[in-house]
Structure formats: C-alpha cells, structure tokens
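Okay, my_file_10.pdb now, which holds PDB, C-alpha atoms, pLDDT in the B column:
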MODEL        1
ATOM      1  CA  MET A   1      12.222  -6.429  -6.690  1.00 84.00           C
ATOM      2  CA  LYS A   2      12.927  -8.302  -3.470  1.00 87.00           C
ATOM      3  CA  ASN A   3      14.202  -5.147  -1.731  1.00 88.00           C
ATOM      4  CA  LEU A   4      11.289  -3.133  -3.105  1.00 90.00           C
ATOM      5  CA  LYS A   5       8.724  -5.628  -1.793  1.00 91.00           C
ATOM      6  CA  LYS A   6      10.461  -5.717   1.589  1.00 92.00           C
ATOM      7  CA  SER A   7      10.428  -1.920   1.813  1.00 91.00           C
ATOM      8  CA  CYS A   8       6.775  -1.691   0.712  1.00 91.00           C
ATOM      9  CA  HIS A   9       5.861  -4.346   3.275  1.00 90.00           C
ATOM     10  CA  SER A  10       7.553  -2.383   6.036  1.00 92.00           C
ATOM     11  CA  LEU A  11       5.782   0.850   5.057  1.00 91.00           C
ATOM     12  CA  ILE A  12       2.404  -0.890   4.812  1.00 88.00           C
ATOM     13  CA  GLN A  13       2.844  -2.491   8.229  1.00 89.00           C
ATOM     14  CA  LYS A  14       3.621   0.923   9.757  1.00 90.00           C
ATOM     15  CA  GLN A  15       0.436   2.359   8.221  1.00 87.00           C
ATOM     16  CA  LEU A  16      -1.678  -0.545   9.477  1.00 83.00           C
ATOM     17  CA  LEU A  17      -0.670   0.308  13.054  1.00 84.00           C
ATOM     18  CA  ASN A  18      -2.218   3.783  12.820  1.00 80.00           C
ATOM     19  CA  PRO A  19      -5.756   4.216  14.175  1.00 75.00           C
ATOM     20  CA  VAL A  20      -8.424   4.438  11.484  1.00 68.00           C
ATOM     21  CA  ASP A  21     -11.676   6.374  11.414  1.00 68.00           C
ATOM     22  CA  GLU A  22     -14.078   3.629  10.276  1.00 65.00           C
ATOM     23  CA  THR A  23     -16.318   6.155   8.514  1.00 64.00           C
ATOM     24  CA  SER A  24     -13.462   7.091   6.157  1.00 62.00           C
ATOM     25  CA  VAL A  25     -12.998   3.508   4.921  1.00 60.00           C
ATOM     26  CA  PRO A  26     -15.079   2.649   1.837  1.00 60.00           C
ATOM     27  CA  SER A  27     -17.458  -0.204   2.555  1.00 62.00           C
ATOM     28  CA  HIS A  28     -17.800  -3.181   0.256  1.00 61.00           C
ATOM     29  CA  SER A  29     -19.907  -6.256   0.681  1.00 62.00           C
ATOM     30  CA  LEU A  30     -17.926  -9.201   2.024  1.00 60.00           C
ATOM     31  CA  PRO A  31     -18.469 -12.810   1.062  1.00 60.00           C
ATOM     32  CA  LYS A  32     -19.459 -14.883   4.123  1.00 61.00           C
ATOM     33  CA  GLU A  33     -16.107 -16.671   4.369  1.00 63.00           C
ATOM     34  CA  GLU A  34     -14.030 -13.482   4.355  1.00 60.00           C
ATOM     35  CA  SER A  35     -13.100 -11.312   7.295  1.00 58.00           C
ATOM     36  CA  TYR A  36     -10.615  -8.478   7.604  1.00 58.00           C
ATOM     37  CA  ALA A  37      -8.548  -6.988  10.374  1.00 66.00           C
ATOM     38  CA  LYS A  38      -8.915  -3.293  10.944  1.00 69.00           C
ATOM     39  CA  GLY A  39      -6.460  -0.929   9.367  1.00 75.00           C
ATOM     40  CA  THR A  40      -5.746   0.731   6.066  1.00 81.00           C
ATOM     41  CA  ALA A  41      -2.666   1.596   4.069  1.00 85.00           C
ATOM     42  CA  SER A  42      -2.418   3.999   1.163  1.00 85.00           C
ATOM     43  CA  PHE A  43      -0.356   3.368  -1.960  1.00 89.00           C
ATOM     44  CA  GLN A  44       0.169   7.120  -2.190  1.00 89.00           C
ATOM     45  CA  GLU A  45       1.779   7.110   1.269  1.00 90.00           C
ATOM     46  CA  VAL A  46       3.886   4.044   0.485  1.00 91.00           C
ATOM     47  CA  TYR A  47       5.160   5.644  -2.718  1.00 92.00           C
ATOM     48  CA  ARG A  48       5.829   8.963  -0.958  1.00 93.00           C
ATOM     49  CA  TYR A  49       8.152   7.345   1.609  1.00 93.00           C
ATOM     50  CA  LEU A  50       9.869   4.724  -0.575  1.00 92.00           C
ATOM     51  CA  PRO A  51      12.677   7.068  -1.693  1.00 91.00           C
ATOM     52  CA  ASP A  52      13.580   7.621   1.966  1.00 91.00           C
ATOM     53  CA  VAL A  53      14.517   3.953   2.392  1.00 89.00           C
ATOM     54  CA  PHE A  54      16.385   3.452  -0.900  1.00 86.00           C
ATOM     55  CA  SER A  55      19.895   4.137  -2.068  1.00 85.00           C
ATOM     56  CA  ASP A  56      20.416   6.777  -4.768  1.00 85.00           C
ATOM     57  CA  LYS A  57      20.793   4.081  -7.427  1.00 85.00           C
ATOM     58  CA  MET A  58      17.509   2.440  -6.456  1.00 86.00           C
ATOM     59  CA  LYS A  59      15.736   5.814  -6.276  1.00 85.00           C
ATOM     60  CA  ASP A  60      16.609   6.401  -9.932  1.00 87.00           C
ATOM     61  CA  SER A  61      14.928   3.177 -11.033  1.00 87.00           C
ATOM     62  CA  LEU A  62      11.791   3.695  -8.912  1.00 90.00           C
ATOM     63  CA  SER A  63       8.564   4.531 -10.723  1.00 92.00           C
ATOM     64  CA  PRO A  64       4.891   4.416  -9.718  1.00 91.00           C
ATOM     65  CA  SER A  65       4.279   1.420 -11.984  1.00 93.00           C
ATOM     66  CA  VAL A  66       7.170  -0.597 -10.490  1.00 93.00           C
ATOM     67  CA  ALA A  67       6.040   0.266  -6.954  1.00 93.00           C
ATOM     68  CA  LEU A  68       2.440  -0.674  -7.762  1.00 92.00           C
ATOM     69  CA  TYR A  69       3.635  -3.981  -9.181  1.00 93.00           C
ATOM     70  CA  ALA A  70       5.417  -4.712  -5.888  1.00 93.00           C
ATOM     71  CA  VAL A  71       2.334  -3.747  -3.870  1.00 92.00           C
ATOM     72  CA  LEU A  72       0.140  -6.005  -6.029  1.00 93.00           C
ATOM     73  CA  HIS A  73       2.488  -8.905  -5.298  1.00 93.00           C
ATOM     74  CA  LEU A  74       2.351  -8.084  -1.590  1.00 91.00           C
ATOM     75  CA  ALA A  75      -1.438  -7.860  -1.660  1.00 89.00           C
ATOM     76  CA  ASN A  76      -1.506 -11.380  -3.034  1.00 91.00           C
ATOM     77  CA  ASP A  77       1.113 -12.677  -0.577  1.00 90.00           C
ATOM     78  CA  MET A  78      -0.438 -10.987   2.463  1.00 86.00           C
ATOM     79  CA  LYS A  79      -4.077 -11.487   1.374  1.00 84.00           C
ATOM     80  CA  LEU A  80      -4.754  -7.751   1.398  1.00 83.00           C
ATOM     81  CA  ARG A  81      -7.844  -6.227  -0.139  1.00 80.00           C
ATOM     82  CA  LEU A  82      -7.211  -3.333  -2.501  1.00 82.00           C
ATOM     83  CA  ILE A  83      -9.892  -0.650  -2.510  1.00 78.00           C
ATOM     84  CA  PRO A  84      -9.852   2.123  -5.117  1.00 78.00           C
ATOM     85  CA  GLN A  85      -9.844   5.646  -3.760  1.00 72.00           C
ATOM     86  CA  VAL A  86     -11.201   8.775  -5.341  1.00 67.00           C
ATOM     87  CA  LEU A  87      -8.837  11.600  -4.546  1.00 62.00           C
ATOM     88  CA  ASP A  88      -9.868  15.230  -4.474  1.00 58.00           C
ATOM     89  CA  VAL A  89      -7.523  16.943  -6.893  1.00 56.00           C
ATOM     90  CA  GLU A  90      -7.693  20.661  -7.508  1.00 60.00           C
ATOM     91  CA  VAL A  91      -6.915  21.781 -11.030  1.00 52.00           C
TER      92      VAL A  91
ENDMDL
END
Represent the structure contained in this file as structure tokens.
Amino acid sequence: MKNLKKSCHSLIQKQLLNPVDETSVPSHSLPKEESYAKGTASFQEVYRYLPDVFSDKMKDSLSPSVALYAVLHLANDMKLRLIPQVLDVEV
C-alpha cells in the first residue's frame, strides 16, 4: 500500500501541474473557511498510468478498488477535495 500511495501521489502531482480550463471544473459551494489551489487530477488518469510505474508482480495485484482506496487515503492526507464526474460513455 505504501508504494501504491507513493505512486498515486506522484501521478496526482503531475496532473496538478497541468493548466486547467476553469469552465470544465464542476463548481461546488465552499464553506467560508475553505479555499483551494487551482488544479485538478483524474482518478481515471491515475489508474491508467499506474501500471507503467509498477513491477509485473504489483501490476497483477492492482485493481480499481485498491487504487481508489489509496487515492482516498491520499485525499485525506493531502486535504484534497474529491468531485464526482459524469463521463460520457457510448454504448
């Protein structure tokens, strides 16, 4: 789990450095004492690139639920706000 969290953290930090179109970020009301730095990261992108940073043995044990668990821990540790996304999926 420690390696997974470290890898997720690295991938999230890379995403946060990318410029963001403010109109594409869902808006939510903020309590008065909260403020957020600009930037977004996508779980889908984190999960897509995780296998690239893992050994073959770790790739075999990776699943979306385990990766999400690591990201939830990171969100708590890093005080990140998680915003649900609606994805356009063609059937």
Nearest to A:Leu68, chosen from A:Pro84, A:Val53, A:Cys8, A:Lys14, with only C-alpha atoms counted in the distances:
A:Cys8
Applying 9 Å and all atoms listed in the file, which residues near stretch 46-49 of chain A remain after dropping the ones on its own chain fewer than 5 positions away? List them as JSON, numbers by chain.
{"A": [7, 8, 11, 12, 15, 41, 63, 64, 67, 68]}
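In this model, the gap between atom CA of A:Ala70 and atom CA of A:Met1 comes to 7.1 Å.
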Could you tell me how far atom CA of A:Val66 lies from atom CA of A:Asp52, in Å and to one decimal?
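The value is 16.2 Å.
Taking atom CA of A:Pro51 and atom CA of A:Arg81 as endpoints, the distance between them is 24.5 Å.
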With all atoms listed in the file as the atoms that count, which of A:Gly39, A:His9, A:Phe54, A:Leu62 lies nearest to A:Ala75?
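Looking only at the distances to A:Ala75, the closest residue turns out to be A:His9.
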Kindly indicate which residue among A:Lys5, A:Ser10, A:Ser42, A:Leu16 lies nearest to A:Gln85, using all atoms listed in the file for the distances.
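Of A:Lys5, A:Ser10, A:Ser42, A:Leu16, the one nearest A:Gln85, counting all atoms listed in the file, is A:Ser42.
In this comparison, which uses only C-alpha atoms, the residue of A:Leu17, A:Phe43, A:Asn3, A:Asp56 approaching A:Val71 most closely is A:Phe43.
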